[in-house]
Amino acid sequence: MSEDKIDLIKGRVFFYKEKTRMKRMDFEIVDLNAGFSELIFFSHVNDDINYLMDWEFFELSIIELKRNQSVVTNKTYRSKTLYKSNYFILNIDKFIDYRILGIRLKYNLAWIKRKLRTKIIPRITFLYKRKTYYLNSKPPCLKELFALLQRFIAFTIVYTCVIFFIILIIYALYDIYSFINNMIKLWFPIVAAKI
C-alpha cells in the first residue's frame, strides 16, 4: 500500500516453506490508486493453489516501481514467518456434532445443521420478509401495516405446517411401534408374557 498513486509496479513473489521455495509468481500492476490494494493470485481451478496453502514466509522482489515521479528498482522485502495454528484440529467441535435438541445420537449431524442454518431456514424466512422498500420517503402507514400482517400470516402458516409435519412423523413412528408390539404379543404370547 502506498500514500501516493502507483503508476507501475513490476515484480515477483516467492513463497517458502523452511528453506524450500514453494512457488514463484510474476506480477505487473498499472495505475493503482493511493491506499488501494490488488489481488495478484486468485484461482479455484489451478493446481498451484495447493502450494499456497502450506507456506511459512514470502519474499516480495520489486523489479521496478514508478510513483510520484520517482523510480525504485531491485528492492526485496521479506515477510515475517507465519506459524500455522491448525485451525481445523483446534476447532474440531464445528465439524463433529452428535447432539440435536440436547439428545445425543450416533450420527454426526454437523452437516445437516449447517444446511439448515445456511439454506433451508433462510429460504423459509424469505417467504415472510419484507419485499417492498421505499426510497427517500416513509412507507404509507396502512400499506406497511397490511404488509406486516401478510408477513406474519405467512410466517405462522409456514411454521405451523412444519411443526404439524414433525408431530405427524412422531405420531406415525409411535403408531408403527405400537403395531409391532401388538403383533409380537399376538404371534408369540409366551415371549410377550415374559416381556
# chains A, B, ... in the order shown; residues from 1 in each chain; ligands from 1
call {"tool": "residues_around", "arguments": {"residues": "A:Asn33", "least_positions_apart": "4", "cutoff": "10 Å", "atoms": "only C-alpha atoms", "output": "JSON, numbers by chain"}}
result
{"A": [1, 2, 3, 4, 5, 6, 7, 37, 38]}
call {"tool": "atom_distance", "arguments": {"atom1": "atom CA of A:Leu8", "atom2": "atom CA of A:Thr81"}}
result
27.9 Å
call {"tool": "atom_distance", "arguments": {"atom1": "atom CA of A:Ile9", "atom2": "atom CA of A:Arg24"}}
result
16.5 Å
call {"tool": "residues_around", "arguments": {"residues": "stretch 75-80 of chain A", "least_positions_apart": "5", "cutoff": "7 Å", "atoms": "only C-alpha atoms", "output": "list in words"}}
result
Phe57, Phe58, Glu59, Leu60, Ser61, Ile62 and Ile63 of chain A
